[in-house]
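One file, data.cif, carrying mmCIF, C-alpha atoms:
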data_work
loop_
_atom_site.label_atom_id
_atom_site.label_comp_id
_atom_site.auth_asym_id
_atom_site.auth_seq_id
_atom_site.Cartn_x
_atom_site.Cartn_y
_atom_site.Cartn_z
CA MET P 687 20.89 50.22 -141.70
CA ASN P 688 18.41 47.36 -141.44
CA LEU P 689 21.05 45.12 -142.98
CA VAL P 690 23.39 46.19 -140.15
CA ILE P 691 20.80 45.16 -137.56
CA MET P 692 20.30 41.79 -139.30
CA ALA P 693 24.05 41.13 -139.31
CA MET P 694 24.22 42.04 -135.62
CA ILE P 695 21.41 39.64 -134.77
CA LEU P 696 23.32 36.92 -136.62
CA ALA P 697 26.47 37.79 -134.68
CA LEU P 698 24.38 37.54 -131.50
CA LEU P 699 23.16 34.01 -132.31
CA ILE P 700 26.64 32.49 -132.16
CA PRO P 701 27.30 33.15 -128.44
CA ILE P 702 23.72 32.14 -127.62
CA TYR P 703 24.32 28.82 -129.38
CA GLU P 704 27.64 28.51 -127.56
CA ALA P 705 25.98 29.19 -124.19
CA TRP P 706 23.36 26.55 -124.91
CA LYS P 707 25.85 23.96 -126.20
CA ASN P 708 28.54 24.30 -123.57
CA ASP P 709 27.83 23.35 -119.97
CA GLU P 710 31.10 24.41 -118.35
CA VAL P 711 30.36 27.44 -116.17
CA TRP P 712 33.21 29.65 -117.34
CA GLN P 713 32.53 29.05 -121.03
CA ARG P 714 28.96 30.10 -120.38
CA MET P 715 30.10 33.19 -118.52
CA LEU P 716 32.21 34.09 -121.55
CA ALA P 717 29.25 33.63 -123.88
CA PHE P 718 26.97 35.71 -121.65
CA ALA P 719 29.55 38.52 -121.44
CA SER P 720 29.69 38.60 -125.20
CA ILE P 721 25.88 38.58 -125.47
CA ALA P 722 25.60 41.46 -122.99
CA THR P 723 27.99 43.70 -124.91
CA LYS P 724 26.38 42.91 -128.24
CA THR P 725 22.83 43.59 -127.11
CA ALA P 726 23.89 46.91 -125.57
CA ILE P 727 25.56 47.97 -128.82
CA MET P 728 22.52 46.85 -130.81
CA ALA P 729 20.27 48.96 -128.59
CA LEU P 730 22.61 51.89 -129.25
CA VAL P 731 22.42 51.35 -133.02
CA ILE P 732 18.62 51.21 -132.86
CA SER P 733 18.55 54.40 -130.79
CA VAL P 734 20.65 56.20 -133.40
CA LEU P 735 18.49 54.69 -136.14
CA ARG P 736 15.32 56.08 -134.57
CA ASP P 737 17.14 59.25 -133.43
CA ASP P 738 15.75 58.79 -129.92
CA TRP P 739 17.98 59.73 -126.97
CA MET P 740 16.11 57.74 -124.37
CA ILE P 741 16.88 54.36 -125.93
CA GLY P 742 20.50 55.47 -126.23
CA ILE P 743 20.72 56.28 -122.53
CA VAL P 744 19.13 52.93 -121.70
CA ALA P 745 21.70 51.23 -123.93
CA VAL P 746 24.63 52.90 -122.16
CA ILE P 747 23.18 51.96 -118.78
CA ILE P 748 22.73 48.36 -119.92
CA LEU P 749 26.32 48.36 -121.12
CA SER P 750 27.87 49.51 -117.84
CA VAL P 751 25.50 47.89 -115.34
CA GLY P 752 25.35 44.64 -117.30
CA ASN P 753 29.11 44.25 -117.30
CA ALA P 754 29.26 45.19 -113.62
CA ALA P 755 26.72 42.50 -112.78
CA LEU P 756 28.72 39.92 -114.75
CA MET P 757 31.82 40.83 -112.74
CA LEU P 758 29.96 40.30 -109.47
CA LEU P 759 28.66 36.96 -110.75
CA ALA P 760 32.20 35.93 -111.69
CA HIS P 761 33.41 36.69 -108.18
CA VAL P 762 30.50 34.78 -106.64
CA ILE P 763 31.27 31.75 -108.81
CA LYS P 764 34.92 31.99 -107.83
CA ARG P 765 34.00 32.00 -104.13
CA ILE P 766 31.74 28.99 -104.61
CA ASN P 767 34.52 27.13 -106.41
CA ASP P 768 36.97 28.03 -103.63
CA VAL P 769 34.57 26.83 -100.92
CA SER P 770 33.66 23.60 -102.72
CA ASN P 771 37.33 22.60 -103.32
CA MET T 195 31.51 60.48 -148.53
CA LEU T 196 30.62 60.59 -144.83
CA ASN T 197 27.97 57.92 -145.37
CA VAL T 198 30.52 55.61 -147.00
CA LEU T 199 32.94 56.18 -144.12
CA SER T 200 30.32 55.43 -141.47
CA TYR T 201 29.20 52.26 -143.22
CA THR T 202 32.81 51.03 -143.56
CA CYS T 203 33.33 51.63 -139.82
CA ILE T 204 30.12 49.74 -138.97
CA GLY T 205 31.06 46.95 -141.42
CA LEU T 206 34.53 46.71 -139.85
CA GLY T 207 32.92 46.42 -136.42
CA ILE T 208 30.64 43.61 -137.52
CA ILE T 209 33.56 41.75 -139.12
CA PHE T 210 35.43 42.05 -135.78
CA TRP T 211 32.38 40.65 -134.00
CA PHE T 212 32.12 37.65 -136.29
CA TRP T 213 35.87 37.04 -136.08
CA GLY T 214 35.77 37.17 -132.27
CA THR T 215 32.80 34.90 -131.82
CA SER T 216 34.13 32.40 -134.32
CA HIS T 217 36.87 31.64 -131.78
CA LEU T 218 34.17 31.04 -129.19
CA LEU T 219 32.93 27.94 -131.02
CA GLY T 220 36.27 26.13 -131.08
CA ASN T 221 37.12 24.16 -127.94
CA ARG T 222 40.30 26.01 -126.94
CA SER T 223 41.26 27.09 -123.42
CA ILE T 224 39.20 29.71 -121.62
CA LEU T 225 41.94 32.34 -121.68
CA PHE T 226 42.51 32.04 -125.41
CA LYS T 227 38.81 32.49 -126.09
CA LEU T 228 38.55 35.29 -123.55
CA HIS T 229 41.43 37.17 -125.10
CA SER T 230 40.15 37.01 -128.67
CA LEU T 231 36.60 37.66 -127.53
CA SER T 232 37.25 40.72 -125.39
CA VAL T 233 39.64 42.23 -127.93
CA SER T 234 37.28 41.75 -130.84
CA ASP T 235 34.14 42.75 -128.91
CA THR T 236 35.67 45.94 -127.59
CA LEU T 237 37.32 47.05 -130.82
CA GLY T 238 34.38 45.96 -132.95
CA SER T 239 31.87 47.77 -130.79
CA MET T 240 34.06 50.86 -130.72
CA SER T 241 34.30 51.03 -134.49
CA ILE T 242 30.54 50.53 -134.73
CA ILE T 243 29.97 53.44 -132.34
CA ILE T 244 32.45 55.61 -134.26
CA GLY T 245 30.51 54.72 -137.40
CA LEU T 246 27.33 55.86 -135.64
CA LEU T 247 29.07 59.02 -134.47
CA ILE T 248 29.90 59.93 -138.06
CA LYS T 249 26.38 59.13 -139.16
CA ILE T 250 24.51 61.24 -136.59
CA PRO T 251 26.86 63.73 -134.87
CA SER T 252 23.98 65.40 -132.98
CA GLU T 253 24.11 62.70 -130.26
CA TRP T 254 27.88 62.93 -129.72
CA PRO T 255 27.86 63.18 -125.86
CA LEU T 256 25.91 59.95 -125.56
CA LEU T 257 28.11 58.06 -128.01
CA ILE T 258 31.32 59.35 -126.42
CA LEU T 259 29.98 58.13 -123.05
CA ALA T 260 29.22 54.76 -124.65
CA ILE T 261 32.77 54.52 -126.03
CA ILE T 262 34.33 55.40 -122.65
CA SER T 263 32.11 53.05 -120.66
CA LEU T 264 32.71 50.31 -123.22
CA ALA T 265 36.49 50.73 -123.08
CA ILE T 266 36.54 50.63 -119.29
CA TRP T 267 33.93 48.04 -118.51
CA ASN T 268 34.72 45.54 -121.22
CA THR T 269 38.43 45.38 -120.48
CA VAL T 270 37.85 45.17 -116.73
CA LEU T 271 35.25 42.44 -117.30
CA GLY T 272 37.79 40.53 -119.38
CA TYR T 273 40.32 40.90 -116.57
CA VAL T 274 37.88 39.80 -113.87
CA LEU T 275 36.76 36.76 -115.89
CA ALA T 276 40.40 35.80 -116.50
CA TYR T 277 41.23 36.22 -112.81
CA CYS T 278 38.22 34.30 -111.57
CA SER T 279 38.40 31.45 -114.05
CA SER T 280 42.11 30.84 -113.69
CA SER T 281 42.32 31.18 -109.91
CA GLY T 282 40.75 27.75 -109.38
CA ASP T 283 44.12 26.00 -109.11
CA ASN T 284 46.23 28.37 -107.00
CA TYR T 285 44.91 29.38 -103.57
CA GLU T 286 46.10 32.93 -102.92
CA ARG T 287 44.12 34.79 -100.26
CA GLU T 288 43.56 38.49 -100.92
#
Taking this structure as input, can you express it in the form of structure tokens?
Amino acid sequence: MNLVIMAMILALLIPIYEAWKNDEVWQRMLAFASIATKTAIMALVISVLRDDWMIGIVAVIILSVGNAALMLLAHVIKRINDVSN
Amino acid sequence: MLNVLSYTCIGLGIIFWFWGTSHLLGNRSILFKLHSLSVSDTLGSMSIIIGLLIKIPSEWPLLILAIISLAIWNTVLGYVLAYCSSSGDNYERE
């Protein structure tokens, strides 16, 4: 199971590198969306690994609230782009 | 037998993750990346959670909730990102 966590951390590094490399706002939003989902799933795997419900509940909350926040941010960026054009 | 099945599901999920994020590195259009990313992230995460479900069935309500919230939120996030990023050129007022 530790190997699974290691592989997940590796899979997490790629979007982080992409977010650092790319400076276009929508590419970064894409990378952050991918990071958010991956970290939530990793927290879920760790909660099952330790057989602890609380971390699992936190992971599910991160999953839904994190994605909701990214949606709001996307709409805010869209409004800013509309106003600036 | 169950252990092998859960590890194959988790392995499949991780392969989906790597496949999805590999598209992120290429410099293709936003929508192409978004499509491959949201498909692979959602399906990969779902197979990982199913793998976890097989491994420890005692926490099934939590994992079912995770699968449902993942299916809804990830697809809607993909849709919102596609809508917001591609609406820069046409000016439709909602």
Please provide the set of residues having any atom within 10 Å of P:Ile743, restricted to all atoms listed in the file, with same-chain residues fewer than 6 positions apart removed, written as a PDB file with C-alpha atoms, in the coordinates of the input.
ATOM      1  CA  ALA P 729      20.270  48.960-128.590  1.00  0.00           C
ATOM      2  CA  LEU P 730      22.610  51.890-129.250  1.00  0.00           C
ATOM      3  CA  SER P 733      18.550  54.400-130.790  1.00  0.00           C
ATOM      4  CA  LEU P 749      26.320  48.360-121.120  1.00  0.00           C
TER       5      LEU P 749
ATOM      6  CA  LEU T 256      25.910  59.950-125.560  1.00  0.00           C
ATOM      7  CA  LEU T 257      28.110  58.060-128.010  1.00  0.00           C
ATOM      8  CA  LEU T 259      29.980  58.130-123.050  1.00  0.00           C
ATOM      9  CA  ALA T 260      29.220  54.760-124.650  1.00  0.00           C
TER      10      ALA T 260
END
field: atom CA of P:Ala726 to atom CA of P:Ile748, straight-line distance in Å
entry: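 Pair atom CA of P:Ile748 / atom CA of P:Ala726 returns 5.9 Å.
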Can you list what the PyMOL selection byres ((chain P and resi 715) around 9) grabs from this structure, as a compact mmCIF listing (two decimals) with C-alpha atoms, in the coordinates of the input?
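Result file is expr_16.txt:
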# COMPACT_ATOMS: atom_id res chain seq x y z
CA ALA P 705 25.98 29.19 -124.19
CA GLU P 710 31.10 24.41 -118.35
CA VAL P 711 30.36 27.44 -116.17
CA TRP P 712 33.21 29.65 -117.34
CA GLN P 713 32.53 29.05 -121.03
CA ARG P 714 28.96 30.10 -120.38
CA LEU P 716 32.21 34.09 -121.55
CA ALA P 717 29.25 33.63 -123.88
CA PHE P 718 26.97 35.71 -121.65
CA ALA P 719 29.55 38.52 -121.44
CA SER P 720 29.69 38.60 -125.20
CA LEU P 756 28.72 39.92 -114.75
CA LEU P 759 28.66 36.96 -110.75
CA ALA P 760 32.20 35.93 -111.69
CA LEU T 275 36.76 36.76 -115.89
Hits from the PyMOL selection byres ((chain T) within 9 of (chain P)), listed as an NGL selection string: :T and (201 or 204-205 or 208 or 211-212 or 215-216 or 218-219 or 224 or 227-228 or 231-232 or 235-236 or 239 or 242-243 or 246-247 or 249-250 or 253 or 256-257 or 259-260 or 263-264 or 266-268 or 270-272 or 274-275 or 278-279 or 281-282 or 285)
Selected residue, from T:Ile248, T:Ser234, T:Ala265, T:Asn221, that lies nearest to T:Met195 when counting only C-alpha atoms: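 Ranked by minimum distance to T:Met195, first place goes to T:Ile248.
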- request: Report the distance between atom CA of P:Ile695 and atom CA of T:Ile258 in Å, rounded to one decimal place.
  value: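 Rounded to one decimal, the two atoms are 23.6 Å apart.
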query: What is the distance, in Å and to one decimal place, between atom CA of T:Met240 and atom CA of T:Gly207?
result: 7.3 Å
